[in-house]
Each structure stands twice: as structure tokens, then as C-alpha cells.
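So this one's run.cif, mmCIF, C-alpha atoms:
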```cif
data_run
loop_
_atom_site.label_atom_id
_atom_site.label_comp_id
_atom_site.auth_asym_id
_atom_site.auth_seq_id
_atom_site.Cartn_x
_atom_site.Cartn_y
_atom_site.Cartn_z
CA MET W 188 -16.51 -7.68 1.73
CA ARG W 189 -15.95 -7.30 -2.00
CA TYR W 190 -13.28 -9.13 -4.02
CA ARG W 191 -11.17 -8.44 -7.08
CA THR W 192 -8.52 -10.29 -9.03
CA LEU W 193 -4.89 -9.54 -8.26
CA GLY W 194 -3.97 -7.51 -11.34
CA ARG W 195 -4.31 -9.62 -14.47
CA SER W 196 -3.88 -12.84 -12.50
CA GLY W 197 -6.72 -15.16 -11.57
CA THR W 198 -5.97 -14.91 -7.85
CA VAL W 199 -8.89 -13.34 -5.95
CA VAL W 200 -8.31 -11.00 -3.01
CA SER W 201 -10.51 -8.89 -0.74
CA THR W 202 -10.70 -5.17 -1.49
CA TYR W 203 -9.20 -4.45 1.94
CA ALA W 204 -5.87 -6.01 2.86
CA LEU W 205 -4.37 -6.28 6.33
CA GLY W 206 -1.01 -4.55 6.67
CA THR W 207 1.21 -5.92 9.43
CA MET W 208 4.00 -3.35 9.74
CA THR W 209 3.11 -2.81 13.42
CA PHE W 210 3.25 -6.51 14.29
CA GLY W 211 6.18 -7.26 16.62
CA VAL W 212 6.98 -3.55 16.95
CA GLU W 213 3.93 -1.71 18.26
CA THR W 214 1.56 -4.68 18.47
CA ASP W 215 2.44 -7.83 20.42
CA GLU W 216 1.92 -11.35 19.13
CA GLU W 217 -1.29 -12.07 21.04
CA THR W 218 -2.94 -8.85 19.86
CA SER W 219 -1.66 -9.39 16.32
CA HIS W 220 -3.23 -12.85 16.25
CA ALA W 221 -6.53 -11.41 17.49
CA ILE W 222 -6.50 -8.85 14.65
CA LEU W 223 -5.75 -11.59 12.12
CA ASP W 224 -8.64 -13.67 13.49
CA SER W 225 -11.01 -10.72 13.15
CA TYR W 226 -9.80 -9.99 9.63
CA LEU W 227 -10.48 -13.55 8.52
CA ASP W 228 -13.89 -13.51 10.22
CA VAL W 229 -15.09 -10.54 8.12
CA GLY W 230 -13.96 -12.13 4.85
CA GLY W 231 -10.54 -10.54 4.42
CA ASN W 232 -7.92 -12.70 2.76
CA LEU W 233 -4.86 -10.60 1.75
CA ILE W 234 -2.17 -10.31 4.45
CA ASP W 235 0.71 -7.96 3.64
CA THR W 236 4.06 -8.00 5.43
CA ALA W 237 7.78 -7.50 4.67
CA ASP W 238 11.08 -8.92 5.89
CA VAL W 239 12.17 -5.54 7.31
CA TYR W 240 9.01 -5.05 9.40
CA GLY W 241 10.37 -5.52 12.89
CA HIS W 242 13.49 -7.04 11.30
CA GLY W 243 11.60 -10.27 10.63
CA ALA W 244 9.26 -10.11 13.64
CA SER W 245 6.16 -9.35 11.56
CA GLU W 246 6.74 -12.33 9.26
CA GLU W 247 7.34 -14.56 12.28
CA ILE W 248 4.07 -13.47 13.90
CA VAL W 249 2.14 -14.07 10.68
CA GLY W 250 3.91 -17.42 10.43
CA SER W 251 2.99 -18.43 13.99
CA TRP W 252 -0.64 -17.50 13.28
CA LEU W 253 -0.62 -19.60 10.10
CA ALA W 254 0.85 -22.50 12.07
CA LYS W 255 -2.07 -22.31 14.50
CA HIS W 256 -4.58 -22.20 11.64
CA PRO W 257 -3.32 -24.77 9.10
CA ALA W 258 -6.82 -25.28 7.70
CA ASP W 259 -7.00 -21.59 6.82
CA ARG W 260 -3.80 -21.47 4.74
CA GLY W 261 -5.82 -21.98 1.58
CA ARG W 262 -8.15 -19.13 2.51
CA VAL W 263 -5.50 -16.42 2.70
CA VAL W 264 -3.15 -14.79 0.21
CA VAL W 265 0.17 -14.03 1.88
CA ALA W 266 2.22 -11.14 0.52
CA THR W 267 5.67 -10.08 1.64
CA LYS W 268 8.54 -7.97 0.36
CA GLY W 269 12.30 -8.15 -0.10
CA ARG W 270 15.02 -5.71 -1.25
CA LEU W 271 15.77 -3.55 1.82
CA GLY W 272 18.64 -4.14 4.22
CA MET W 273 18.50 -7.03 6.66
CA GLY W 274 22.17 -6.92 7.67
CA SER W 275 25.42 -4.98 7.37
CA ALA W 276 27.17 -7.04 4.68
CA PRO W 277 27.33 -5.69 1.09
CA ASN W 278 24.88 -8.30 -0.20
CA ASP W 279 22.41 -7.98 2.68
CA LEU W 280 20.26 -5.64 0.60
CA GLY W 281 19.27 -4.90 -2.96
CA SER W 282 17.41 -6.77 -5.67
CA SER W 283 20.32 -8.83 -6.97
CA ARG W 284 19.92 -12.56 -7.51
CA VAL W 285 22.25 -13.23 -4.56
CA HIS W 286 20.39 -11.09 -2.03
CA LEU W 287 16.88 -11.96 -3.19
CA GLY W 288 17.67 -15.68 -3.13
CA ARG W 289 18.70 -15.44 0.51
CA ALA W 290 15.89 -13.03 1.43
CA LEU W 291 13.20 -15.16 -0.18
CA ASP W 292 14.35 -18.32 1.59
CA ALA W 293 14.48 -16.46 4.91
CA SER W 294 10.94 -15.12 4.41
CA LEU W 295 9.66 -18.59 3.53
CA ALA W 296 11.19 -19.92 6.75
CA ARG W 297 9.82 -17.15 8.97
CA LEU W 298 6.34 -17.47 7.46
CA GLY W 299 6.52 -21.26 7.62
CA VAL W 300 5.11 -21.71 4.10
CA GLU W 301 6.28 -23.53 1.00
CA GLN W 302 5.16 -20.76 -1.34
CA ILE W 303 4.66 -17.00 -0.97
CA ASP W 304 1.57 -15.90 -2.85
CA LEU W 305 2.82 -12.39 -3.71
CA TYR W 306 6.51 -11.43 -3.44
CA GLN W 307 7.17 -7.71 -3.91
CA MET W 308 10.25 -5.63 -4.51
CA HIS W 309 10.12 -3.09 -1.67
CA SER W 310 11.71 -0.33 -3.75
CA TRP W 311 13.73 0.31 -6.91
CA ASP W 312 17.37 -0.78 -6.89
CA PRO W 313 19.52 1.52 -9.07
CA LEU W 314 22.56 -0.78 -8.78
CA THR W 315 21.17 -4.09 -10.00
CA PRO W 316 20.25 -4.51 -13.70
CA LEU W 317 16.48 -4.84 -13.86
CA ASP W 318 16.66 -7.90 -16.09
CA GLU W 319 18.60 -9.74 -13.33
CA THR W 320 15.84 -8.99 -10.83
CA LEU W 321 13.05 -9.93 -13.22
CA ARG W 322 14.75 -13.18 -14.25
CA PHE W 323 15.07 -14.15 -10.58
CA LEU W 324 11.42 -13.36 -9.87
CA SER W 325 10.23 -15.17 -12.98
CA ASP W 326 12.38 -18.19 -12.10
CA SER W 327 10.92 -18.17 -8.59
CA VAL W 328 7.42 -18.35 -10.06
CA SER W 329 8.48 -21.22 -12.30
CA ASN W 330 10.10 -23.18 -9.46
CA GLY W 331 7.10 -22.67 -7.18
CA LYS W 332 8.66 -20.55 -4.44
CA ILE W 333 6.30 -17.68 -5.25
CA ALA W 334 2.97 -17.61 -7.06
CA HIS W 335 3.10 -13.98 -8.22
CA PHE W 336 5.39 -10.99 -7.89
CA GLY W 337 4.98 -7.25 -7.85
CA PHE W 338 6.65 -3.95 -7.01
CA SER W 339 6.40 -1.29 -4.34
CA ASN W 340 7.32 2.38 -4.61
CA TYR W 341 8.24 2.18 -8.31
CA VAL W 342 7.64 5.16 -10.60
CA GLY W 343 6.10 5.17 -14.06
CA TRP W 344 9.17 4.68 -16.21
CA GLU W 345 10.39 1.84 -13.98
CA ILE W 346 7.07 0.04 -14.41
CA ALA W 347 7.17 0.56 -18.18
CA LYS W 348 10.77 -0.66 -18.39
CA ALA W 349 9.92 -3.78 -16.40
CA ALA W 350 6.96 -4.51 -18.68
CA HIS W 351 9.18 -4.14 -21.75
CA ILE W 352 11.86 -6.51 -20.39
CA VAL W 353 9.28 -9.12 -19.35
CA ASP W 354 7.72 -9.03 -22.81
CA ARG W 355 11.08 -9.11 -24.63
CA LEU W 356 12.45 -12.03 -22.61
CA GLY W 357 9.21 -13.96 -22.31
CA LEU W 358 9.25 -13.93 -18.51
CA ASN W 359 6.44 -14.40 -16.01
CA PRO W 360 4.88 -10.93 -15.59
CA PRO W 361 4.38 -8.79 -12.46
CA VAL W 362 0.81 -8.37 -11.21
CA THR W 363 0.81 -5.51 -8.67
CA LEU W 364 2.25 -2.21 -7.51
CA GLN W 365 2.15 -1.01 -3.90
CA PRO W 366 2.39 2.82 -3.73
CA GLN W 367 1.31 5.47 -1.25
CA TYR W 368 -2.12 6.75 -2.31
CA ASN W 369 -4.75 8.75 -0.47
CA LEU W 370 -6.75 11.96 -0.76
CA LEU W 371 -3.74 14.02 0.33
CA VAL W 372 -1.21 12.17 -1.84
CA ARG W 373 -2.51 11.79 -5.40
CA GLU W 374 0.63 12.50 -7.42
CA ILE W 375 0.76 8.90 -8.66
CA GLU W 376 -2.14 9.80 -10.96
CA ALA W 377 0.23 11.68 -13.29
CA GLU W 378 2.31 8.73 -14.52
CA ILE W 379 2.12 5.74 -12.18
CA ILE W 380 -1.58 4.88 -12.35
CA PRO W 381 -1.64 5.23 -16.16
CA ALA W 382 1.40 2.93 -16.31
CA CYS W 383 -0.38 0.38 -14.11
CA LEU W 384 -3.55 0.57 -16.19
CA ASP W 385 -1.51 0.09 -19.36
CA THR W 386 0.48 -2.88 -18.04
CA GLY W 387 -2.33 -4.53 -16.06
CA LEU W 388 -0.87 -4.04 -12.59
CA GLY W 389 -3.33 -3.94 -9.72
CA ILE W 390 -2.65 -1.19 -7.16
CA LEU W 391 -2.36 -1.94 -3.45
CA PRO W 392 -2.35 1.51 -1.77
CA TRP W 393 -0.46 1.93 1.48
CA SER W 394 -1.13 4.75 3.96
CA PRO W 395 -4.69 5.29 2.69
CA LEU W 396 -5.37 7.52 5.73
CA ALA W 397 -2.21 9.61 5.23
CA ALA W 398 -0.66 8.62 8.58
CA GLY W 399 -3.87 9.49 10.40
CA TRP W 400 -4.46 12.93 8.89
CA LEU W 401 -7.68 11.81 7.21
CA THR W 402 -9.13 10.54 10.48
CA GLY W 403 -9.44 14.10 11.77
CA LYS W 404 -7.07 13.57 14.68
CA TYR W 405 -4.93 16.63 13.86
CA GLN W 406 -6.09 20.20 14.25
CA ARG W 407 -5.00 23.26 12.30
CA ASP W 408 -2.10 25.10 13.99
CA SER W 409 -2.23 22.83 17.07
CA ALA W 410 0.85 20.71 17.79
CA PRO W 411 0.17 16.96 17.44
CA ASP W 412 -0.83 15.08 20.57
CA PRO W 413 2.04 12.93 21.95
CA ALA W 414 -0.22 9.88 21.64
CA THR W 415 -0.48 10.24 17.85
CA ARG W 416 2.03 9.05 15.24
CA MET W 417 3.19 12.60 14.56
CA GLY W 418 3.59 13.28 18.26
CA GLU W 419 5.47 10.11 19.13
CA ASN W 420 8.64 11.37 17.47
CA PRO W 421 8.73 15.08 18.43
CA GLU W 422 11.60 16.07 16.13
CA ARG W 423 10.68 14.19 12.98
CA GLY W 424 6.92 14.09 13.57
CA SER W 425 6.59 17.78 14.32
CA GLU W 426 8.44 18.75 11.16
CA ALA W 427 6.24 16.49 9.02
CA TRP W 428 3.18 17.95 10.73
CA ARG W 429 4.35 21.54 10.13
CA VAL W 430 4.84 20.94 6.41
CA ARG W 431 1.37 19.48 5.93
CA ASN W 432 -0.28 21.91 8.35
CA ALA W 433 1.02 24.87 6.33
CA LYS W 434 -0.82 23.79 3.18
CA GLU W 435 -4.32 25.17 2.73
CA ARG W 436 -5.10 22.17 0.51
CA THR W 437 -4.64 19.84 3.53
CA TRP W 438 -7.40 21.49 5.53
CA ARG W 439 -9.66 21.92 2.52
CA ILE W 440 -9.56 18.15 1.98
CA ILE W 441 -10.00 17.32 5.67
CA ASP W 442 -13.02 19.63 5.86
CA ALA W 443 -14.55 17.92 2.81
CA VAL W 444 -14.03 14.45 4.29
CA ARG W 445 -15.58 15.62 7.56
CA GLU W 446 -18.56 17.05 5.67
CA VAL W 447 -19.30 13.75 3.94
CA ALA W 448 -18.68 11.76 7.13
CA ASP W 449 -21.03 13.92 9.18
CA ALA W 450 -23.76 13.62 6.57
CA ARG W 451 -23.35 9.82 6.57
CA GLU W 452 -22.92 9.67 10.38
CA VAL W 453 -19.73 7.62 10.05
CA PRO W 454 -16.10 8.26 11.08
CA MET W 455 -13.95 10.24 8.65
CA SER W 456 -11.61 7.28 8.22
CA ARG W 457 -14.30 5.22 6.52
CA VAL W 458 -15.03 7.94 3.98
CA ALA W 459 -11.34 8.36 3.12
CA LEU W 460 -10.88 4.59 2.75
CA ALA W 461 -13.99 4.18 0.62
CA TRP W 462 -12.75 6.88 -1.77
CA VAL W 463 -9.41 5.11 -2.30
CA GLU W 464 -11.00 1.68 -2.67
CA ALA W 465 -13.11 2.89 -5.60
CA ARG W 466 -10.27 4.54 -7.58
CA PRO W 467 -9.17 3.27 -11.01
CA ALA W 468 -6.79 0.27 -10.96
CA VAL W 469 -7.04 -0.18 -7.17
CA THR W 470 -7.23 -3.86 -6.24
CA SER W 471 -6.98 -3.84 -2.44
CA VAL W 472 -6.43 -1.08 0.13
CA ILE W 473 -3.88 -1.88 2.84
CA LEU W 474 -5.13 -1.19 6.37
CA GLY W 475 -2.32 -0.49 8.84
CA VAL W 476 -3.62 -0.85 12.39
CA ARG W 477 -2.11 -1.15 15.85
CA THR W 478 -5.13 -2.23 17.88
CA PRO W 479 -8.27 -4.33 17.46
CA GLU W 480 -10.31 -1.15 17.93
CA GLN W 481 -8.55 0.54 15.00
CA PHE W 482 -9.12 -2.56 12.90
CA ASP W 483 -12.85 -2.67 13.70
CA ASP W 484 -13.21 1.00 12.81
CA ASN W 485 -11.30 0.74 9.51
CA ILE W 486 -12.70 -2.54 8.21
CA ALA W 487 -16.22 -1.11 8.51
CA ALA W 488 -15.33 0.90 5.38
CA ALA W 489 -16.00 -2.30 3.44
CA ASP W 490 -19.71 -1.64 4.04
CA LEU W 491 -19.57 1.98 2.86
CA GLU W 492 -20.03 2.90 -0.79
CA LEU W 493 -19.87 6.59 -1.63
CA THR W 494 -22.41 8.09 -3.99
CA PRO W 495 -21.09 9.45 -7.30
CA GLU W 496 -21.76 12.97 -6.00
CA GLU W 497 -19.77 12.36 -2.79
CA SER W 498 -16.89 10.78 -4.67
CA ASP W 499 -16.79 13.54 -7.28
CA HIS W 500 -16.80 16.19 -4.57
CA LEU W 501 -13.83 14.62 -2.75
CA THR W 502 -12.00 14.10 -6.04
CA GLU W 503 -12.40 17.72 -7.07
CA VAL W 504 -11.47 19.17 -3.67
CA SER W 505 -8.33 17.03 -3.46
CA ARG W 506 -7.17 17.49 -7.04
CA PRO W 507 -3.35 17.69 -6.83
CA ASP W 508 -1.34 20.72 -7.87
CA PHE W 509 0.99 19.24 -10.45
CA PRO W 510 4.17 21.33 -10.93
CA GLY W 511 3.75 22.77 -14.40
CA TYR W 512 4.52 21.29 -17.81
CA PRO W 513 3.84 18.58 -18.74
CA TYR W 514 1.53 18.04 -15.76
CA GLY W 515 0.00 21.51 -15.39
CA ASP W 516 -2.89 23.04 -17.33
CA THR W 517 -0.98 23.15 -20.63
CA GLY W 518 0.27 19.61 -20.20
CA THR W 519 -3.24 18.38 -19.44
CA VAL W 520 -4.46 19.77 -22.77
CA LEU W 521 -1.57 18.15 -24.64
CA ARG W 522 -1.69 14.78 -22.87
CA GLY W 523 -5.45 14.32 -22.70
CA ARG W 524 -8.03 14.24 -19.98
CA PRO W 525 -6.76 13.46 -16.43
CA LEU W 526 -8.16 10.63 -14.34
CA PRO W 527 -11.62 11.42 -12.99
#
```
Using C-alpha cells, write down the structure that the file contains.
Amino acid sequence: MRYRTLGRSGTVVSTYALGTMTFGVETDEETSHAILDSYLDVGGNLIDTADVYGHGASEEIVGSWLAKHPADRGRVVVATKGRLGMGSAPNDLGSSRVHLGRALDASLARLGVEQIDLYQMHSWDPLTPLDETLRFLSDSVSNGKIAHFGFSNYVGWEIAKAAHIVDRLGLNPPVTLQPQYNLLVREIEAEIIPACLDTGLGILPWSPLAAGWLTGKYQRDSAPDPATRMGENPERGSEAWRVRNAKERTWRIIDAVREVADAREVPMSRVALAWVEARPAVTSVILGVRTPEQFDDNIAAADLELTPEESDHLTEVSRPDFPGYPYGDTGTVLRGRPLP
């Protein structure tokens, strides 16, 4: 396992994080604990959850595991998120000081810890003034309830605005951004990754396997198997599958991943994960698993390092089709060279 610092902070985390969105929903407590044990055994130390995962169930399961392993609390970095709705009252969601104060205390209680190592805003809140949110987060660092804070699903201008406010007010700064990022979804390279590089935010990619597409489980023009994520929800899953299936770029990328995987004699998932892990600004890739078998397969990517030729090939094949100016060919000339 390799390690990197969490953004510009001095906190060190493993390059693969354990996502726990399935805990308490698709994965029971006993199995979840077994996955956490295995993750710690291989040197992983960043556990990512959120209050809305299982409406608190995921945090509770992580908390019960921490309670059983008190000596390991210092070995792990616990990350969670607030902002989304946890009730039906007007202040049961959002990034206002009122909601975040209640949400943070509730997360601390469910996790059974005195301090959350990384507290993230789950998404942008257009209603709450950003300086209110940032003052709350900075205050929470100062009073010891959280060690660091970050964002999830923010876009470039939101990151830049936050950096400006933090600098202007002299607040504790954010350290991370958690966006979707994988070989099929690279649009964050246009504005978001440059914003993170400029402001020193480490990136924690979610869905690095594109909901299973990069594992090779889906076949061109064949309806998804009911046992897969796309097949579990026939109405919503089938529509999402049809959209991606219709794009020639999807299958061009999958074929390229399969080509590299076959040459290396490893599963496609490991190749796709290794590509993301090596991208600019990426700190730790979030693995979302439901079973110990999935975990064992995915975490083996920590032992795979792509050659420059393999990485360049996947990067070129998956280059996104940005929609014209200023992100198309003309925009690229005006704005400078794109990320490699």
C-alpha cells in the first residue's frame, strides 16, 4: 500500500480508501466488520462514510467496529459527510450553521468518536451563504470537533470561491474534494482538477469503476443482468445502461481496459483503478464494495502500477469530448495544454 498526504495537510492516508455506502443497506454489520478488518490488515487507513448512507446505519456500523477496536482508532482516518437531508423539517438539510451543527454532533455520536478526521460537505448548497458554511467548518476545526474539512461534488468556480473566502477571512482551509472520476467520466479535468491543483485540494474519486462498467460485466447491446447494479432497478438502471451503451466511446474504453488487463493477466477492475490512482491531484481512490470478495479483488490494485505506455494508451482512448468553446479544440489552444 502506498500513502500520500491529505491535500496540503500533514495527515497521511492510504492511496485506496474504503467507501462504506453499502454498509447497513446491502452489506450487514458482520460482513461490514469483516471488510473493515481486511482493509486494515492490508495497510488501508482512510474510511469514508456519510450521515445519509443508510440514514445513519453506515456511520453506526463504522462506529461499532471502532468500539471493538479501540487500539486501532489512531491507525485510521475517519471521513464522513453532512449537508443532505436527514429529516423532513426545513433545517434538516443544507450547509447552514444550524443544520451542520446538529448533523456534526449526530455523526460524532453515531461514530462514537470525539473528533472526525475529515468532515465533507456532500454537495453545494445554493441557499446558504458560503461564508456561513466555511466559518462553521473553520470553527469546528478550531474547537476540535473535526481535524480537517473538504467538499464533495463541487464544481470549479465553487472551489475557487471557497478558496478566496478562506483566504480573505483567515479561516482554516479545506483539504480535499470528492468527485466522480473514472475512465468513462473525465469531465472534471476541464475545470475541477485545475482548481484543485491551484488550491491544494487532494482528490478522493468516487465510483472509480463507473458503477461496474469498467469491470467488464456489461456487454454491448445486451440488457444488464438482474444481479448487477444496473439490473437491480429495471426502470432506472436500464435507462442508465441504454445511454452509456449507445456511446461508441464507452466500448472503445472498455476494450482498451480489457486489452491491458489481458496482457497483464489481471482483472479489468485493477487496471481501471490503477489508472485513476495515478492521475494528477488524486490522493486516495474510494473503493465501494458489497462483499469481501469484491474487496479482495479491488484492493489488489494497490499492487499494480501501470507502465507509462499503458497509462498513456488508456488516457488517449478515453479522452473526453468536451462540448466546444472554451473546452473544444479552439479552447484548448487558447487555454493551454490539457492534462496528460
**Request:** Compile the contact shell of stretch 294-297 of chain W as a ChimeraX atom specification: residues with an atom at most 10 Å away, counting only C-alpha atoms, same-chain residues fewer than 6 positions apart removed.
**Result:** /W:236-238,243-251,267-269,303,306,332-333
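Evaluated against this file, the PyMOL selection byres ((chain W and resi 205-209) around 7) yields Tyr203, Ala204, Phe210, Gly211, Val212, Glu213, Thr214, Leu233, Ile234, Asp235, Thr236, Tyr240, Ser245, Ile473, Leu474, Gly475 and Arg477 of chain W.
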Quick one: apply the PyMOL selection byres ((chain W and resi 351) around 12) to the file and drop the selected residues here as a PDB file with C-alpha atoms, in the coordinates of the input.
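Below is the file that was written, selection24.pdb:
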```pdb
ATOM      1  CA  LEU W 317      16.480  -4.840 -13.860  1.00  0.00           C
ATOM      2  CA  ASP W 318      16.660  -7.900 -16.090  1.00  0.00           C
ATOM      3  CA  LEU W 321      13.050  -9.930 -13.220  1.00  0.00           C
ATOM      4  CA  TRP W 344       9.170   4.680 -16.210  1.00  0.00           C
ATOM      5  CA  GLU W 345      10.390   1.840 -13.980  1.00  0.00           C
ATOM      6  CA  ILE W 346       7.070   0.040 -14.410  1.00  0.00           C
ATOM      7  CA  ALA W 347       7.170   0.560 -18.180  1.00  0.00           C
ATOM      8  CA  LYS W 348      10.770  -0.660 -18.390  1.00  0.00           C
ATOM      9  CA  ALA W 349       9.920  -3.780 -16.400  1.00  0.00           C
ATOM     10  CA  ALA W 350       6.960  -4.510 -18.680  1.00  0.00           C
ATOM     11  CA  ILE W 352      11.860  -6.510 -20.390  1.00  0.00           C
ATOM     12  CA  VAL W 353       9.280  -9.120 -19.350  1.00  0.00           C
ATOM     13  CA  ASP W 354       7.720  -9.030 -22.810  1.00  0.00           C
ATOM     14  CA  ARG W 355      11.080  -9.110 -24.630  1.00  0.00           C
ATOM     15  CA  LEU W 356      12.450 -12.030 -22.610  1.00  0.00           C
ATOM     16  CA  GLY W 357       9.210 -13.960 -22.310  1.00  0.00           C
ATOM     17  CA  LEU W 358       9.250 -13.930 -18.510  1.00  0.00           C
ATOM     18  CA  PRO W 360       4.880 -10.930 -15.590  1.00  0.00           C
ATOM     19  CA  PRO W 361       4.380  -8.790 -12.460  1.00  0.00           C
ATOM     20  CA  ALA W 382       1.400   2.930 -16.310  1.00  0.00           C
ATOM     21  CA  ASP W 385      -1.510   0.090 -19.360  1.00  0.00           C
ATOM     22  CA  THR W 386       0.480  -2.880 -18.040  1.00  0.00           C
TER      23      THR W 386
END
```
**Asked** Which one is closest to W:Glu492: W:Met188, W:Val342, W:Ala258, W:Val430? Count all atoms listed in the file.
**Response**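 Closest residue, counting all atoms listed in the file: W:Met188.
For the set W:Thr320, W:Ser471, W:Gln307, W:Ser283, the residue with the smallest atom-to-atom gap to W:Leu391 is W:Ser471, counting all atoms listed in the file.
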Starting from the displayed file, determine the output of the PyMOL selection byres ((chain W and resi 230) around 10) and express the residue list as an mmCIF file with C-alpha atoms, in the coordinates of the input.
```cif
data_model
loop_
_atom_site.group_PDB
_atom_site.id
_atom_site.type_symbol
_atom_site.label_atom_id
_atom_site.label_comp_id
_atom_site.auth_asym_id
_atom_site.auth_seq_id
_atom_site.Cartn_x
_atom_site.Cartn_y
_atom_site.Cartn_z
ATOM 1 C CA MET W 188 -16.510 -7.680 1.730
ATOM 2 C CA ARG W 189 -15.950 -7.300 -2.000
ATOM 3 C CA TYR W 190 -13.280 -9.130 -4.020
ATOM 4 C CA VAL W 200 -8.310 -11.000 -3.010
ATOM 5 C CA SER W 201 -10.510 -8.890 -0.740
ATOM 6 C CA THR W 202 -10.700 -5.170 -1.490
ATOM 7 C CA TYR W 203 -9.200 -4.450 1.940
ATOM 8 C CA SER W 225 -11.010 -10.720 13.150
ATOM 9 C CA TYR W 226 -9.800 -9.990 9.630
ATOM 10 C CA LEU W 227 -10.480 -13.550 8.520
ATOM 11 C CA ASP W 228 -13.890 -13.510 10.220
ATOM 12 C CA VAL W 229 -15.090 -10.540 8.120
ATOM 13 C CA GLY W 231 -10.540 -10.540 4.420
ATOM 14 C CA ASN W 232 -7.920 -12.700 2.760
ATOM 15 C CA LEU W 233 -4.860 -10.600 1.750
ATOM 16 C CA ARG W 262 -8.150 -19.130 2.510
ATOM 17 C CA VAL W 263 -5.500 -16.420 2.700
#
```
**Request:** Would you work out the distance separating atom CA of W:Asp449 from atom CA of W:Ser505, expressed in Å to one decimal?
**Result:**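 About the pair atom CA of W:Asp449 and atom CA of W:Ser505: they are 18.2 Å apart.
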**Between atom CA of W:Thr218 and atom CA of W:Lys255 - distance in Å to one decimal** =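 Separation of atom CA of W:Lys255 and atom CA of W:Thr218: 14.5 Å.
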**Message:** Just to confirm, what's the straight-line distance from atom CA of W:Leu370 to atom CA of W:Leu193 in Å (one decimal)?
**Reply:**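 These atoms are spaced 22.8 Å apart.
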**Request:** Excluding W:Leu491 and any residue of its chain fewer than 5 positions from it, enumerate the residues within 10 Å of it, using all atoms listed in the file, and give them as number ranges by chain.
**Result:** W: 451, 453, 457-458, 460-462, 486
**Item:** Given all atoms listed in the file as the counted atoms, nearest of W:Leu287, W:Val447, W:Val300, W:Ala276 to W:Arg322
**Value:**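 Using all atoms listed in the file, W:Arg322 sits closest to W:Leu287.
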**Message:** Residues within 7 Å of W:Asn340, please, as an MDAnalysis selection string. Count all atoms listed in the file; anything in the same chain fewer than 2 positions from it doesn't count.
**Reply:** chainID W and resid 309:310 338 342 365:366
**Fill in**
Shortest contact to W:Glu217, candidates W:Thr502, W:Thr437, W:Gln302, W:Thr478, atoms counted all atoms listed in the file, goes to W:Thr478
Rebuild stretch 286-292 of chain W so that it carries all heavy atoms, then output the result as a PDB file, in the frame of the given file.
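Here's the written file part_39.pdb:
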```
ATOM      1  N   HIS W 286      21.138 -11.516  -3.214  1.00  0.00           N
ATOM      2  CA  HIS W 286      20.390 -11.090  -2.030  1.00  0.00           C
ATOM      3  C   HIS W 286      18.967 -11.618  -2.030  1.00  0.00           C
ATOM      4  O   HIS W 286      18.475 -12.099  -0.994  1.00  0.00           O
ATOM      5  CB  HIS W 286      20.351  -9.565  -1.926  1.00  0.00           C
ATOM      6  CG  HIS W 286      19.442  -9.092  -0.831  1.00  0.00           C
ATOM      7  ND1 HIS W 286      19.689  -9.340   0.500  1.00  0.00           N
ATOM      8  CD2 HIS W 286      18.258  -8.420  -0.871  1.00  0.00           C
ATOM      9  CE1 HIS W 286      18.718  -8.838   1.240  1.00  0.00           C
ATOM     10  NE2 HIS W 286      17.837  -8.282   0.426  1.00  0.00           N
ATOM     11  N   LEU W 287      18.269 -11.527  -3.162  1.00  0.00           N
ATOM     12  CA  LEU W 287      16.880 -11.960  -3.190  1.00  0.00           C
ATOM     13  C   LEU W 287      16.752 -13.456  -2.932  1.00  0.00           C
ATOM     14  O   LEU W 287      15.783 -13.904  -2.302  1.00  0.00           O
ATOM     15  CB  LEU W 287      16.234 -11.607  -4.529  1.00  0.00           C
ATOM     16  CG  LEU W 287      15.997 -10.111  -4.785  1.00  0.00           C
ATOM     17  CD1 LEU W 287      15.331  -9.910  -6.139  1.00  0.00           C
ATOM     18  CD2 LEU W 287      15.146  -9.481  -3.679  1.00  0.00           C
ATOM     19  N   GLY W 288      17.716 -14.240  -3.398  1.00  0.00           N
ATOM     20  CA  GLY W 288      17.670 -15.680  -3.130  1.00  0.00           C
ATOM     21  C   GLY W 288      17.715 -15.966  -1.639  1.00  0.00           C
ATOM     22  O   GLY W 288      16.936 -16.783  -1.122  1.00  0.00           O
ATOM     23  N   ARG W 289      18.599 -15.257  -0.932  1.00  0.00           N
ATOM     24  CA  ARG W 289      18.700 -15.440   0.510  1.00  0.00           C
ATOM     25  C   ARG W 289      17.476 -14.861   1.226  1.00  0.00           C
ATOM     26  O   ARG W 289      16.937 -15.471   2.163  1.00  0.00           O
ATOM     27  CB  ARG W 289      19.970 -14.777   1.028  1.00  0.00           C
ATOM     28  CG  ARG W 289      21.252 -15.385   0.469  1.00  0.00           C
ATOM     29  CD  ARG W 289      22.452 -14.513   0.781  1.00  0.00           C
ATOM     30  NE  ARG W 289      23.688 -15.064   0.200  1.00  0.00           N
ATOM     31  CZ  ARG W 289      24.849 -14.430   0.170  1.00  0.00           C
ATOM     32  NH1 ARG W 289      24.942 -13.201   0.679  1.00  0.00           N
ATOM     33  NH2 ARG W 289      25.921 -14.997  -0.362  1.00  0.00           N
ATOM     34  N   ALA W 290      17.028 -13.687   0.787  1.00  0.00           N
ATOM     35  CA  ALA W 290      15.890 -13.030   1.430  1.00  0.00           C
ATOM     36  C   ALA W 290      14.612 -13.835   1.258  1.00  0.00           C
ATOM     37  O   ALA W 290      13.818 -13.966   2.204  1.00  0.00           O
ATOM     38  CB  ALA W 290      15.711 -11.629   0.845  1.00  0.00           C
ATOM     39  N   LEU W 291      14.397 -14.376   0.073  1.00  0.00           N
ATOM     40  CA  LEU W 291      13.200 -15.160  -0.180  1.00  0.00           C
ATOM     41  C   LEU W 291      13.174 -16.411   0.685  1.00  0.00           C
ATOM     42  O   LEU W 291      12.158 -16.746   1.306  1.00  0.00           O
ATOM     43  CB  LEU W 291      13.109 -15.526  -1.655  1.00  0.00           C
ATOM     44  CG  LEU W 291      11.951 -16.431  -2.078  1.00  0.00           C
ATOM     45  CD1 LEU W 291      10.607 -15.849  -1.660  1.00  0.00           C
ATOM     46  CD2 LEU W 291      11.980 -16.662  -3.588  1.00  0.00           C
ATOM     47  N   ASP W 292      14.295 -17.117   0.761  1.00  0.00           N
ATOM     48  CA  ASP W 292      14.350 -18.320   1.590  1.00  0.00           C
ATOM     49  C   ASP W 292      14.118 -17.988   3.062  1.00  0.00           C
ATOM     50  O   ASP W 292      13.445 -18.741   3.786  1.00  0.00           O
ATOM     51  CB  ASP W 292      15.708 -19.017   1.429  1.00  0.00           C
ATOM     52  CG  ASP W 292      15.824 -19.757   0.098  1.00  0.00           C
ATOM     53  OD1 ASP W 292      14.784 -19.956  -0.565  1.00  0.00           O
ATOM     54  OD2 ASP W 292      16.958 -20.111  -0.285  1.00  0.00           O
TER      55      ASP W 292
END
```
